[in-house]
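*Asks:* Below is the file run-v7.cif, which contains mmCIF, C-alpha atoms.
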```cif
data_data
#
loop_
_atom_site.label_atom_id
_atom_site.label_comp_id
_atom_site.auth_asym_id
_atom_site.auth_seq_id
_atom_site.Cartn_x
_atom_site.Cartn_y
_atom_site.Cartn_z
CA MET A 177 155.11 -56.83 98.33
CA THR A 178 153.32 -53.50 97.99
CA ILE A 179 153.48 -51.36 94.87
CA LEU A 180 155.88 -48.48 95.48
CA GLY A 181 154.15 -45.10 95.32
CA LEU A 182 150.67 -46.54 95.88
CA ALA A 183 149.06 -46.31 99.31
CA PRO A 184 147.99 -49.66 100.76
CA SER A 185 144.30 -50.42 100.40
CA THR A 186 141.98 -52.80 102.21
CA ALA A 187 139.32 -52.60 99.52
CA PRO A 188 138.42 -55.99 98.03
CA ILE A 189 139.87 -56.77 94.60
CA THR A 190 137.61 -58.06 91.88
CA PRO A 191 137.72 -60.56 90.41
CA ALA A 192 138.94 -62.38 93.54
CA HIS A 193 141.23 -64.70 91.57
CA PHE A 194 143.34 -61.80 90.22
CA ASP A 195 146.53 -60.56 91.95
CA ILE A 196 148.45 -57.90 90.02
CA GLU A 197 151.59 -58.54 92.08
CA LYS A 198 151.74 -62.05 90.61
CA VAL A 199 151.55 -60.61 87.09
CA ILE A 200 154.18 -57.86 87.34
CA ARG A 201 157.80 -58.97 87.04
CA PRO A 202 159.60 -59.06 90.41
CA ASN A 203 162.35 -56.67 89.24
CA ILE A 204 159.67 -54.11 88.35
CA LEU A 205 157.85 -54.47 91.66
CA ALA A 206 161.17 -53.87 93.43
CA LEU A 207 161.99 -50.83 91.30
CA HIS A 208 162.57 -47.51 93.03
CA PRO A 209 161.74 -45.04 90.23
CA TYR A 210 164.04 -42.21 89.25
CA ARG A 211 163.26 -39.17 91.35
CA CYS A 212 163.53 -36.10 89.16
CA ALA A 213 163.94 -32.59 90.48
CA ARG A 214 160.32 -31.63 89.87
CA ASP A 215 159.11 -34.51 92.06
CA ASP A 216 160.41 -32.58 95.06
CA TYR A 217 159.74 -28.89 94.39
CA GLN A 218 158.01 -27.05 91.55
CA GLU A 219 158.12 -23.41 92.64
CA GLY A 220 160.77 -20.85 93.49
CA ILE A 221 164.13 -20.11 91.90
CA LEU A 222 164.78 -23.52 90.36
CA LEU A 223 168.52 -24.26 90.44
CA ASP A 224 168.09 -28.00 90.88
CA ALA A 225 167.69 -29.59 87.43
CA ASN A 226 170.65 -28.17 85.47
CA GLU A 227 168.33 -26.48 83.02
CA ASN A 228 169.57 -23.55 80.94
CA ALA A 229 168.64 -20.54 83.05
CA LEU A 230 168.98 -18.22 80.05
CA GLY A 231 166.24 -19.99 78.13
CA PRO A 232 165.99 -21.38 74.60
CA SER A 233 168.41 -20.28 71.91
CA ILE A 234 165.65 -19.94 69.30
CA PRO A 235 165.50 -16.28 68.16
CA ARG A 236 162.01 -15.02 68.91
CA SER A 237 162.32 -12.14 66.45
CA SER A 238 162.64 -14.40 63.39
CA ASN A 239 159.48 -14.14 61.27
CA GLN A 240 160.42 -17.23 59.28
CA ILE A 241 160.80 -19.37 62.39
CA GLN A 242 157.57 -18.04 63.86
CA GLN A 243 155.74 -18.88 60.64
CA GLU A 244 157.19 -22.39 60.60
CA LEU A 245 156.13 -22.99 64.19
CA SER A 246 152.66 -21.60 63.53
CA SER A 247 152.26 -23.88 60.51
CA THR A 248 152.67 -26.87 62.83
CA LEU A 249 149.09 -26.33 63.99
CA ASP A 250 147.87 -27.23 60.49
CA THR A 251 149.51 -30.68 60.59
CA LEU A 252 148.74 -31.94 64.08
CA ASN A 253 146.13 -34.33 62.69
CA ARG A 254 148.92 -36.17 60.82
CA TYR A 255 151.55 -38.47 62.23
CA PRO A 256 155.03 -36.92 62.32
CA ASP A 257 157.92 -37.61 60.00
CA PRO A 258 159.33 -40.98 61.17
CA SER A 259 162.93 -40.12 60.25
CA HIS A 260 163.47 -36.34 60.62
CA ASP A 261 166.37 -36.33 58.18
CA GLU A 262 166.76 -32.55 58.15
CA ILE A 263 167.27 -32.46 61.92
CA LYS A 264 169.80 -35.28 61.68
CA SER A 265 171.67 -33.53 58.86
CA ARG A 266 171.90 -30.29 60.86
CA ILE A 267 173.18 -32.17 63.91
CA ALA A 268 175.73 -34.04 61.79
CA SER A 269 176.96 -30.74 60.38
CA LEU A 270 177.09 -29.12 63.83
CA ARG A 271 179.12 -32.00 65.26
CA SER A 272 181.34 -32.47 62.17
CA LEU A 273 180.08 -35.93 61.29
CA PRO A 274 179.82 -37.29 57.72
CA GLY A 275 176.03 -37.31 57.53
CA LYS A 276 172.62 -38.15 58.92
CA ASP A 277 173.40 -41.87 58.97
CA HIS A 278 175.56 -41.14 62.03
CA VAL A 279 172.63 -39.63 64.00
CA PHE A 280 169.72 -41.17 65.92
CA LEU A 281 166.98 -39.16 67.65
CA GLY A 282 165.23 -40.29 70.82
CA VAL A 283 162.69 -39.01 73.30
CA GLY A 284 165.37 -37.56 75.52
CA SER A 285 168.63 -39.36 76.14
CA ASP A 286 166.64 -41.72 78.35
CA GLU A 287 165.11 -43.43 75.31
CA VAL A 288 168.60 -43.88 73.87
CA ILE A 289 169.83 -45.39 77.15
CA ASP A 290 166.90 -47.80 77.27
CA LEU A 291 167.24 -48.80 73.61
CA LEU A 292 170.97 -49.45 73.93
CA MET A 293 170.31 -51.83 76.79
CA ARG A 294 167.47 -53.57 74.96
CA ILE A 295 169.47 -54.15 71.79
CA CYS A 296 172.82 -55.04 73.37
CA VAL A 297 172.34 -56.68 76.77
CA VAL A 298 170.61 -60.03 77.35
CA PRO A 299 168.24 -59.76 80.36
CA ALA A 300 169.15 -61.77 83.48
CA ASN A 301 172.38 -62.84 81.79
CA GLU A 302 174.52 -59.84 80.84
CA LYS A 303 175.51 -56.55 82.48
CA ILE A 304 176.41 -52.91 82.14
CA LEU A 305 179.22 -51.06 83.90
CA ILE A 306 178.73 -47.63 85.43
CA THR A 307 181.11 -45.28 87.26
CA PRO A 308 179.50 -43.72 90.36
CA PRO A 309 178.76 -41.02 91.16
CA THR A 310 176.84 -40.82 87.91
CA TYR A 311 173.46 -40.27 86.26
CA GLY A 312 170.80 -42.33 88.02
CA MET A 313 168.87 -43.45 84.93
CA TYR A 314 171.57 -45.94 83.92
CA SER A 315 170.71 -48.02 86.99
CA ILE A 316 166.96 -47.50 86.63
CA CYS A 317 166.94 -48.63 82.99
CA ALA A 318 169.12 -51.61 83.88
CA GLN A 319 166.69 -52.73 86.55
CA VAL A 320 163.69 -52.26 84.25
CA ASN A 321 165.43 -54.43 81.65
CA ASP A 322 166.51 -57.02 84.26
CA ILE A 323 170.17 -56.32 83.58
CA GLY A 324 173.03 -56.66 86.05
CA ILE A 325 175.12 -53.66 87.09
CA VAL A 326 178.86 -53.57 87.77
CA ARG A 327 179.99 -50.43 89.60
CA CYS A 328 183.51 -49.00 89.36
CA ASN A 329 183.68 -45.75 91.27
CA LEU A 330 185.42 -42.72 89.85
CA GLU A 331 188.45 -41.46 91.73
CA LEU A 332 186.99 -40.16 94.98
CA ASP A 333 190.25 -38.88 96.47
CA CYS A 334 191.39 -35.31 95.91
CA SER A 335 195.11 -35.76 96.59
CA GLU A 336 195.78 -35.23 92.87
CA GLY A 337 193.51 -32.19 92.66
CA GLU A 338 190.11 -31.82 91.02
CA GLY A 339 189.26 -33.45 87.69
CA GLY A 340 191.84 -33.90 84.97
CA GLU A 341 193.58 -37.20 84.27
CA HIS A 342 194.06 -38.31 87.89
CA GLY A 343 192.18 -35.87 90.14
CA ARG A 344 188.87 -36.28 91.91
CA PHE A 345 186.15 -37.81 89.69
CA SER A 346 188.63 -38.93 87.03
CA LEU A 347 188.29 -42.39 85.46
CA LEU A 348 190.08 -45.26 87.23
CA ILE A 349 191.05 -47.09 84.07
CA ASP A 350 192.84 -50.02 85.71
CA ASN A 351 189.80 -50.75 87.89
CA ILE A 352 187.53 -50.80 84.86
CA LYS A 353 189.90 -53.10 82.97
CA ALA A 354 190.02 -55.44 85.97
CA ALA A 355 186.20 -55.52 86.11
CA ILE A 356 186.05 -56.36 82.41
CA LEU A 357 188.50 -59.23 82.83
CA ALA A 358 186.61 -60.53 85.83
CA ASP A 359 183.22 -60.41 84.09
CA PRO A 360 183.03 -60.94 80.30
CA SER A 361 179.24 -60.49 80.44
CA ILE A 362 179.65 -56.68 80.55
CA LYS A 363 178.27 -55.39 77.24
CA LEU A 364 177.95 -51.62 77.79
CA ILE A 365 180.10 -49.13 79.70
CA PHE A 366 178.39 -45.82 80.51
CA LEU A 367 180.67 -42.81 81.02
CA CYS A 368 179.13 -39.44 81.85
CA SER A 369 181.31 -36.58 80.58
CA PRO A 370 180.99 -33.96 81.94
CA GLY A 371 179.54 -36.00 84.73
CA ASN A 372 176.29 -35.58 86.60
CA PRO A 373 176.57 -34.86 89.52
CA THR A 374 180.36 -34.46 89.27
CA GLY A 375 180.50 -31.66 86.68
CA THR A 376 183.79 -33.21 85.60
CA LEU A 377 185.02 -33.96 82.10
CA ILE A 378 186.52 -37.37 81.33
CA SER A 379 189.59 -36.97 79.15
CA LEU A 380 189.63 -38.34 75.61
CA THR A 381 192.82 -40.19 76.55
CA ALA A 382 190.95 -42.09 79.25
CA ILE A 383 188.03 -42.86 76.93
CA LYS A 384 190.40 -44.16 74.25
CA ALA A 385 192.08 -46.40 76.80
CA ILE A 386 188.79 -48.24 77.29
CA LEU A 387 187.90 -48.25 73.59
CA ASP A 388 191.29 -49.77 72.76
CA TYR A 389 191.13 -52.44 75.48
CA LYS A 390 190.89 -55.68 73.48
CA PRO A 391 189.25 -57.87 76.16
CA PHE A 392 186.19 -55.59 76.11
CA LYS A 393 183.94 -56.65 73.25
CA GLY A 394 181.05 -54.28 73.95
CA ILE A 395 180.22 -50.61 73.41
CA VAL A 396 181.44 -47.57 75.32
CA VAL A 397 178.61 -45.04 75.74
CA VAL A 398 179.72 -41.47 76.50
CA ASP A 399 176.91 -39.27 77.80
CA GLU A 400 177.68 -35.67 76.80
CA ALA A 401 174.57 -33.83 77.94
CA TYR A 402 176.74 -30.93 79.21
CA ILE A 403 179.51 -30.97 76.61
CA ASP A 404 178.86 -27.46 75.24
CA PHE A 405 179.83 -25.99 78.61
CA ALA A 406 183.18 -27.80 78.60
CA GLY A 407 185.10 -26.02 75.86
CA GLU A 408 186.39 -26.84 72.40
CA GLY A 409 188.04 -30.15 71.60
CA THR A 410 186.60 -32.04 74.57
CA SER A 411 183.87 -34.09 72.87
CA ALA A 412 184.28 -37.79 72.19
CA VAL A 413 182.44 -37.25 68.88
CA SER A 414 185.89 -36.70 67.35
CA LEU A 415 186.65 -40.38 68.05
CA ILE A 416 183.62 -41.83 66.27
CA LYS A 417 185.33 -42.10 62.89
CA ASP A 418 187.95 -44.44 64.37
CA TYR A 419 185.84 -46.43 66.83
CA ALA A 420 182.83 -48.53 65.83
CA ASN A 421 182.50 -49.47 69.51
CA LEU A 422 181.68 -45.90 70.59
CA CYS A 423 178.28 -44.25 71.03
CA VAL A 424 178.06 -40.60 72.11
CA MET A 425 174.81 -39.30 73.59
CA GLN A 426 173.88 -35.62 73.49
CA THR A 427 170.70 -33.61 74.00
CA LEU A 428 168.97 -30.32 73.24
CA SER A 429 167.91 -30.02 76.89
CA LYS A 430 170.94 -28.25 78.35
CA SER A 431 172.99 -25.92 76.14
CA PHE A 432 170.09 -25.36 73.70
CA GLY A 433 167.65 -24.64 76.55
CA LEU A 434 164.99 -27.02 75.24
CA ALA A 435 164.44 -29.43 78.14
CA ALA A 436 160.68 -29.38 77.55
CA ILE A 437 160.81 -30.91 74.06
CA ARG A 438 162.66 -34.06 75.21
CA LEU A 439 165.00 -34.55 72.26
CA GLY A 440 167.96 -36.84 72.84
CA ILE A 441 170.67 -37.76 70.35
CA ALA A 442 172.89 -40.77 69.72
CA LEU A 443 175.98 -40.30 67.54
CA ALA A 444 177.83 -43.36 66.26
CA GLN A 445 178.90 -45.18 63.13
CA PRO A 446 176.02 -46.18 60.81
CA PRO A 447 175.62 -49.87 61.84
CA LEU A 448 174.70 -49.03 65.44
CA ILE A 449 172.54 -46.09 64.33
CA GLN A 450 170.61 -48.35 61.98
CA VAL A 451 169.98 -50.96 64.68
CA LEU A 452 168.67 -48.23 67.00
CA THR A 453 166.43 -46.98 64.17
CA ASN A 454 165.15 -50.49 63.49
CA THR A 455 164.24 -50.93 67.16
CA LYS A 456 162.65 -47.61 68.12
CA ALA A 457 158.91 -47.05 68.34
CA PRO A 458 157.32 -45.48 65.25
CA TYR A 459 156.90 -41.70 65.20
CA ASN A 460 158.87 -41.30 68.42
CA ILE A 461 159.63 -37.58 67.86
CA SER A 462 156.51 -35.40 67.73
CA THR A 463 155.97 -32.74 65.07
CA PRO A 464 156.04 -29.82 67.57
CA SER A 465 159.28 -31.12 69.06
CA ALA A 466 160.78 -31.55 65.60
CA GLN A 467 159.83 -28.03 64.50
CA LEU A 468 161.36 -26.53 67.63
CA ALA A 469 164.50 -28.65 67.15
CA LEU A 470 164.87 -27.43 63.57
CA ALA A 471 164.51 -23.84 64.73
CA ALA A 472 167.12 -24.41 67.45
CA LEU A 473 169.55 -25.83 64.88
CA SER A 474 169.35 -22.83 62.55
CA LYS A 475 172.57 -20.87 62.12
CA GLU A 476 171.34 -17.90 64.16
CA ALA A 477 170.05 -20.14 66.98
CA VAL A 478 173.33 -22.09 67.21
CA GLN A 479 175.20 -18.80 67.52
CA ASN A 480 172.79 -17.79 70.31
CA MET A 481 173.37 -21.12 72.02
CA ARG A 482 177.12 -20.63 72.03
CA LEU A 483 176.82 -17.09 73.37
CA LYS A 484 174.54 -18.26 76.17
CA CYS A 485 176.96 -21.06 77.04
CA GLN A 486 179.78 -18.51 77.27
CA THR A 487 177.64 -16.34 79.52
CA LEU A 488 176.82 -19.28 81.80
CA VAL A 489 180.49 -20.30 81.99
CA GLU A 490 181.40 -16.78 83.09
CA SER A 491 178.52 -16.81 85.56
CA ARG A 492 179.79 -20.15 86.86
CA LYS A 493 183.13 -18.55 87.67
CA GLN A 494 181.45 -15.64 89.44
CA LEU A 495 179.15 -17.97 91.36
CA GLN A 496 182.15 -19.96 92.53
CA LYS A 497 183.76 -16.79 93.88
CA SER A 498 180.54 -15.86 95.64
CA LEU A 499 180.29 -19.30 97.25
CA GLU A 500 183.91 -19.04 98.39
CA SER A 501 182.99 -15.83 100.20
CA LEU A 502 180.73 -17.94 102.46
CA SER A 503 183.61 -20.13 103.64
CA ALA A 504 183.43 -18.84 107.22
CA LEU A 505 179.78 -19.95 107.41
CA GLY A 506 180.63 -23.50 106.34
CA VAL A 507 180.69 -23.58 102.54
CA GLY A 508 183.56 -25.81 101.46
CA ASP A 509 185.67 -25.62 98.34
CA ILE A 510 183.92 -26.56 95.09
CA ILE A 511 184.66 -30.18 94.16
CA GLY A 512 185.10 -31.64 90.69
CA GLY A 513 186.27 -30.14 87.42
CA ASN A 514 183.58 -27.45 86.99
CA ASP A 515 182.99 -28.36 83.34
CA ALA A 516 179.17 -28.13 83.27
CA ASN A 517 176.45 -25.58 84.05
CA PHE A 518 176.39 -26.41 87.76
CA LEU A 519 178.67 -26.61 90.79
CA MET A 520 179.07 -29.21 93.54
CA VAL A 521 179.71 -27.65 96.93
CA PRO A 522 180.11 -29.35 100.32
CA ILE A 523 178.40 -27.90 103.38
CA LEU A 524 180.69 -28.24 106.41
CA ASN A 525 180.01 -28.99 110.04
CA LYS A 526 180.40 -25.85 112.15
CA GLU A 527 182.77 -27.49 114.63
CA SER A 528 184.73 -30.11 112.68
CA ARG A 529 184.79 -28.20 109.35
CA LEU A 530 184.19 -31.52 107.59
CA PRO A 531 181.36 -32.20 105.09
CA ASP A 532 178.12 -32.72 107.00
CA ASN A 533 175.17 -34.53 105.41
CA ALA A 534 172.71 -33.55 108.12
CA ARG A 535 173.54 -29.86 107.86
CA ALA A 536 173.59 -29.94 104.06
CA ASN A 537 170.15 -31.57 103.96
CA ALA A 538 168.79 -29.08 106.49
CA VAL A 539 170.12 -26.14 104.45
CA TYR A 540 168.69 -27.66 101.26
CA THR A 541 165.25 -28.05 102.86
CA GLU A 542 165.34 -24.56 104.39
CA LEU A 543 166.26 -22.99 101.06
CA ALA A 544 163.46 -24.78 99.21
CA GLU A 545 160.66 -24.52 101.73
CA ASN A 546 161.30 -21.16 103.38
CA LYS A 547 163.71 -19.18 101.22
CA GLY A 548 162.30 -19.73 97.72
CA VAL A 549 165.49 -21.21 96.25
CA VAL A 550 165.66 -24.86 95.14
CA VAL A 551 169.00 -26.66 94.73
CA ARG A 552 169.70 -30.43 94.84
CA PHE A 553 170.95 -32.42 97.81
CA ARG A 554 173.49 -34.98 96.60
CA GLY A 555 174.98 -36.17 99.88
CA LYS A 556 174.00 -39.81 99.33
CA GLU A 557 176.07 -40.18 96.16
CA ALA A 558 179.54 -41.74 96.26
CA GLY A 559 182.16 -39.09 96.95
CA CYS A 560 179.56 -36.35 97.42
CA TYR A 561 179.00 -36.52 101.16
CA GLY A 562 177.55 -33.28 102.48
CA CYS A 563 177.20 -31.80 98.99
CA LEU A 564 174.66 -29.59 97.30
CA ARG A 565 174.52 -29.41 93.52
CA ILE A 566 173.72 -25.90 92.35
CA THR A 567 172.70 -25.03 88.79
CA VAL A 568 174.17 -21.79 87.48
CA GLY A 569 171.27 -19.35 87.18
CA THR A 570 170.88 -15.83 85.85
CA ALA A 571 172.83 -13.08 87.60
CA GLU A 572 169.72 -12.20 89.60
CA GLU A 573 169.04 -15.81 90.55
CA ASN A 574 172.66 -16.38 91.60
CA GLY A 575 172.55 -13.25 93.73
CA MET A 576 169.36 -14.38 95.46
CA LEU A 577 170.87 -17.83 96.01
CA ILE A 578 173.91 -16.39 97.77
CA ARG A 579 171.82 -14.14 100.00
CA GLN A 580 169.42 -16.88 101.00
CA LEU A 581 172.19 -19.47 101.41
CA GLN A 582 173.91 -17.07 103.80
CA ASN A 583 170.67 -16.74 105.77
CA ALA A 584 170.13 -20.52 105.86
CA LEU A 585 173.69 -21.15 107.03
CA ASN A 586 173.20 -18.66 109.85
CA ASP A 587 170.06 -20.53 110.88
CA TYR A 588 171.64 -24.00 110.75
#
```
Turn the structure described in the file into C-alpha cells.
*Replies:*
Amino acid sequence: MTILGLAPSTAPITPAHFDIEKVIRPNILALHPYRCARDDYQEGILLDANENALGPSIPRSSNQIQQELSSTLDTLNRYPDPSHDEIKSRIASLRSLPGKDHVFLGVGSDEVIDLLMRICVVPANEKILITPPTYGMYSICAQVNDIGIVRCNLELDCSEGEGGEHGRFSLLIDNIKAAILADPSIKLIFLCSPGNPTGTLISLTAIKAILDYKPFKGIVVVDEAYIDFAGEGTSAVSLIKDYANLCVMQTLSKSFGLAAIRLGIALAQPPLIQVLTNTKAPYNISTPSAQLALAALSKEAVQNMRLKCQTLVESRKQLQKSLESLSALGVGDIIGGNDANFLMVPILNKESRLPDNARANAVYTELAENKGVVVRFRGKEAGCYGCLRITVGTAEENGMLIRQLQNALNDY
C-alpha cells in the first residue's frame, strides 16, 4: 500500500530492515484526508469555504483593542493562559449559559470533534452516527480514531418542500431510532444544524426527539457553526440546561469572521466540559488567537457581528433572486432551507432539465480556472447531485459571480 499524497519512489530505504508501512496503523494508511477548499484553489473571488465575506467583526477604530493586540507582542515568549476564563465567560454570557464551566475552547471545532470521539468511543468496538449529506470531518476523525460509522441519510426527497420538519434535508427520526436499536454500540450522534452542505436548520423538536429517546445512552452533538445566520430561537443551546446528553459546537470562524484564528467552542453541562478540559493538550489556544477572540467578544464587536449577519442574510435573498434569473440557462431552484451563509444550487442538463453532475463540474472548473470565481462542487454528496455550493459574498462579489456564471453556462 502506498502512502496517499506521496509520489512513489524507487530510491532505496535505509536502514533496509525498516518499512514505515508496517509501522503505521492500517486505518491511517487507508485514510483519504479531508480536502479543504484551499487545497483546490487559492486565488480569485473565493466563494467556496463559507467564510464571512464581510470580514472580522472586531472594530478597527478602537484604540483600546488595538493596544491590547499590540501588547500581545510583549508576551509571545510565554506560554498562553491554559484556561482562558474571560473568553469562556463572555461566550457563556453571549449564549445565555450559567457560566464558564459550560464552555470548552478548542483549536477549531475539529479539535472538539476529535476529542469527543477519543473520550467517548472505544476504538474498533464502538461507533458514531452521522446524517449525510454532512460535514466531512466527522468521518475523517472517526477513521483516524478507528471508529465505526453508521449513516442515516437526511430526507432527500422534496415532496414535502425544503427544510422544516419534514422537507428536504430534515431529520428522519424514525430511521435514527431504528439504527440505535439495531446497534447499541453507537455512542455519539452528530447533527449539523444548519447543515453543511445543506444550509438547512434541524428543528429543536427533532433534536429533542433524539435526546429523549431512552434506548440511546450516548451524546447528541449539534454542530452549529452557522447558527447566527439562522435567526433567533433556533439554537440547541437553549436545551443544554435540561439535557446532560447534549453537546453544542460553535465557532468564531463564520459569523464572527475569524476563520484564521481557529477557535472552536463546545457548550454543554459541566461534567462533559470538565472531561474535555482534562483530555485536551496543554496551551491549546495561542495567545494571539485568544486576544483576537476577546476583542471579537466585546460588546461593540458582537453588535458588529450581528449587523454583518443581517447584511449577509439580505444578500443571500438577493443572490437567490439573481440565481433564479439564470433558470433558462440551466440553474435549478435552490435546495435546502437557506439557513446559512451559502446556497446550494443544482446545475441542470440543457436537454433533460435534470441535475447534471458533468455539467456542474465543468461549470465549477471553468469558473475557477478561467473566470476568477471559486465555488464548491458538491455533486458527489448524498442528495446533492449536480449541485454547486456558493458562499454569499459581498455585493460586488455576488455580482461578478452572476456575470461569470452566466458566461460559463453559455460555454457549457
*Asks:* Write out as a list in words the residues lying within 9 Å of Asp399 in chain A, counting all atoms listed in the file and excluding same-chain residues fewer than 2 positions away.
*Replies:*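 Selected residues are Ser285, Phe366, Leu367, Cys368, Ser369, Pro370, Gly371, Val397, Ala401, Tyr402, Ile403, Cys423, Val424, Met425 and Gln426 of chain A.
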*Asks:* So what do you get for CA of Lys493 in chain A versus CA of Gly508 in chain A, distance-wise?
*Replies:*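 According to the coordinates, CA of Lys493 in chain A and CA of Gly508 in chain A are separated by 15.6 Å.
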*Asks:* Name all residues at most 8 Å from range 273-280 of chain A (count only C-alpha atoms; drop same-chain ones fewer than 2 positions away) and give them as number ranges by chain.
*Replies:* A: 261, 264-265, 267-271, 282, 441-446, 449-450, 452-453
*Asks:* Up to 12 Å from (171.1, -30.6, 109.3) in the file's coordinates: name the residues, counting all atoms listed in the file, as a PyMOL selection string.
*Replies:* chain A and resi 523-526+531-542+553+555+562+584-585+587-588
*Asks:* Save out the residues we just selected, C-alpha atoms, as a CSV table (one decimal), in the coordinates of the input.
*Replies:*
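Once written, again.csv looks like this:
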```csv
chain,number,residue,atom,x,y,z
A,523,ILE,CA,178.4,-27.9,103.4
A,524,LEU,CA,180.7,-28.2,106.4
A,525,ASN,CA,180.0,-29.0,110.0
A,526,LYS,CA,180.4,-25.8,112.2
A,531,PRO,CA,181.4,-32.2,105.1
A,532,ASP,CA,178.1,-32.7,107.0
A,533,ASN,CA,175.2,-34.5,105.4
A,534,ALA,CA,172.7,-33.6,108.1
A,535,ARG,CA,173.5,-29.9,107.9
A,536,ALA,CA,173.6,-29.9,104.1
A,537,ASN,CA,170.2,-31.6,104.0
A,538,ALA,CA,168.8,-29.1,106.5
A,539,VAL,CA,170.1,-26.1,104.4
A,540,TYR,CA,168.7,-27.7,101.3
A,541,THR,CA,165.2,-28.0,102.9
A,542,GLU,CA,165.3,-24.6,104.4
A,553,PHE,CA,171.0,-32.4,97.8
A,555,GLY,CA,175.0,-36.2,99.9
A,562,GLY,CA,177.6,-33.3,102.5
A,584,ALA,CA,170.1,-20.5,105.9
A,585,LEU,CA,173.7,-21.2,107.0
A,587,ASP,CA,170.1,-20.5,110.9
A,588,TYR,CA,171.6,-24.0,110.8
```
*Asks:* Which of these residues is nearest to Ala300 in chain A, using only C-alpha atoms: A:Ile323, A:Ile196, A:Val283, A:Ala471?
*Replies:*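 Closest residue, counting only C-alpha atoms: A:Ile323.
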*Asks:* Find the residue from A:Leu502, A:Ala318, A:Ile234, A:Leu415 that sits nearest to Phe432 in chain A; use only C-alpha atoms when measuring.
*Replies:* A:Ile234
*Asks:* Quick one: axis-aligned box around all listed atoms of range 342-349 of chain A, 8 Å on every side, centre and edge lengths in Å to one decimal, written as JSON.
*Replies:*
```
{"center_x": 190.1, "center_y": -41.5, "center_z": 88.0, "size_x": 23.9, "size_y": 27.2, "size_z": 23.8}
```
*Asks:* List the neighbours of Asp509 in chain A out to 12 Å using only C-alpha atoms; skip same-chain residues closer than 5 positions along the sequence, and give me the result as a list of chain:residue names.
*Replies:*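 The residues that qualify are A:Cys334, A:Gly337, A:Glu338, A:Gln496, A:Lys497, A:Ser498, A:Leu499, A:Glu500, A:Ser501, A:Leu502, A:Ser503, A:Ala504, A:Asn514, A:Leu519, A:Met520, A:Val521, A:Pro522, A:Ile523, A:Leu524, A:Arg529, A:Leu530, A:Pro531, A:Gly562, A:Cys563, A:Leu564.
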*Asks:* Save out the residues we just selected, C-alpha atoms, as an mmCIF file, in the frame of the given file.
*Replies:*
```cif
data_model
loop_
_atom_site.group_PDB
_atom_site.id
_atom_site.type_symbol
_atom_site.label_atom_id
_atom_site.label_comp_id
_atom_site.auth_asym_id
_atom_site.auth_seq_id
_atom_site.Cartn_x
_atom_site.Cartn_y
_atom_site.Cartn_z
ATOM 1 C CA CYS A 334 191.390 -35.310 95.910
ATOM 2 C CA GLY A 337 193.510 -32.190 92.660
ATOM 3 C CA GLU A 338 190.110 -31.820 91.020
ATOM 4 C CA GLN A 496 182.150 -19.960 92.530
ATOM 5 C CA LYS A 497 183.760 -16.790 93.880
ATOM 6 C CA SER A 498 180.540 -15.860 95.640
ATOM 7 C CA LEU A 499 180.290 -19.300 97.250
ATOM 8 C CA GLU A 500 183.910 -19.040 98.390
ATOM 9 C CA SER A 501 182.990 -15.830 100.200
ATOM 10 C CA LEU A 502 180.730 -17.940 102.460
ATOM 11 C CA SER A 503 183.610 -20.130 103.640
ATOM 12 C CA ALA A 504 183.430 -18.840 107.220
ATOM 13 C CA ASN A 514 183.580 -27.450 86.990
ATOM 14 C CA LEU A 519 178.670 -26.610 90.790
ATOM 15 C CA MET A 520 179.070 -29.210 93.540
ATOM 16 C CA VAL A 521 179.710 -27.650 96.930
ATOM 17 C CA PRO A 522 180.110 -29.350 100.320
ATOM 18 C CA ILE A 523 178.400 -27.900 103.380
ATOM 19 C CA LEU A 524 180.690 -28.240 106.410
ATOM 20 C CA ARG A 529 184.790 -28.200 109.350
ATOM 21 C CA LEU A 530 184.190 -31.520 107.590
ATOM 22 C CA PRO A 531 181.360 -32.200 105.090
ATOM 23 C CA GLY A 562 177.550 -33.280 102.480
ATOM 24 C CA CYS A 563 177.200 -31.800 98.990
ATOM 25 C CA LEU A 564 174.660 -29.590 97.300
#
```
*Asks:* Mind giving me the straight-line distance from CA of Gly575 in chain A to CA of Asp215 in chain A in Å, one decimal?
*Replies:*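 The value is 25.2 Å.
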*Asks:* I need the output of the PyMOL selection byres ((chain A and resi 302) around 10) for this file as a VMD selection string; which residues are they?
*Replies:* chain A and resid 293 296 to 301 303 to 304 322 to 325 359 to 364
*Asks:* Choose the residue, out of A:Leu468, A:Pro373, A:Gln486, A:Gln319, that has the smallest atom-to-atom separation from Ala435 in chain A; count only C-alpha atoms.
*Replies:*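 When distances to Ala435 in chain A are compared using only C-alpha atoms, the smallest one comes from A:Leu468.
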*Asks:* Between A:Tyr311, A:Thr463, A:Glu557, A:Leu348, single out the one closest to Ser247 in chain A, counting only C-alpha atoms.
*Replies:*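 Using only C-alpha atoms, the shortest distance to Ser247 in chain A belongs to A:Thr463.
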*Asks:* Name the residues captured by the PyMOL selection byres ((chain A and resi 429) around 9) when it is applied to the shown file; answer as a VMD selection string.
*Replies:* chain A and resid 227 to 228 284 401 426 to 428 430 to 440
*Asks:* Using all atoms listed in the file, which of A:Pro232, A:Gly548, A:Gly339, A:Pro256 sits nearest Tyr217 in chain A?
*Replies:*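 Among the listed residues, the smallest separation from Tyr217 in chain A belongs to A:Gly548.
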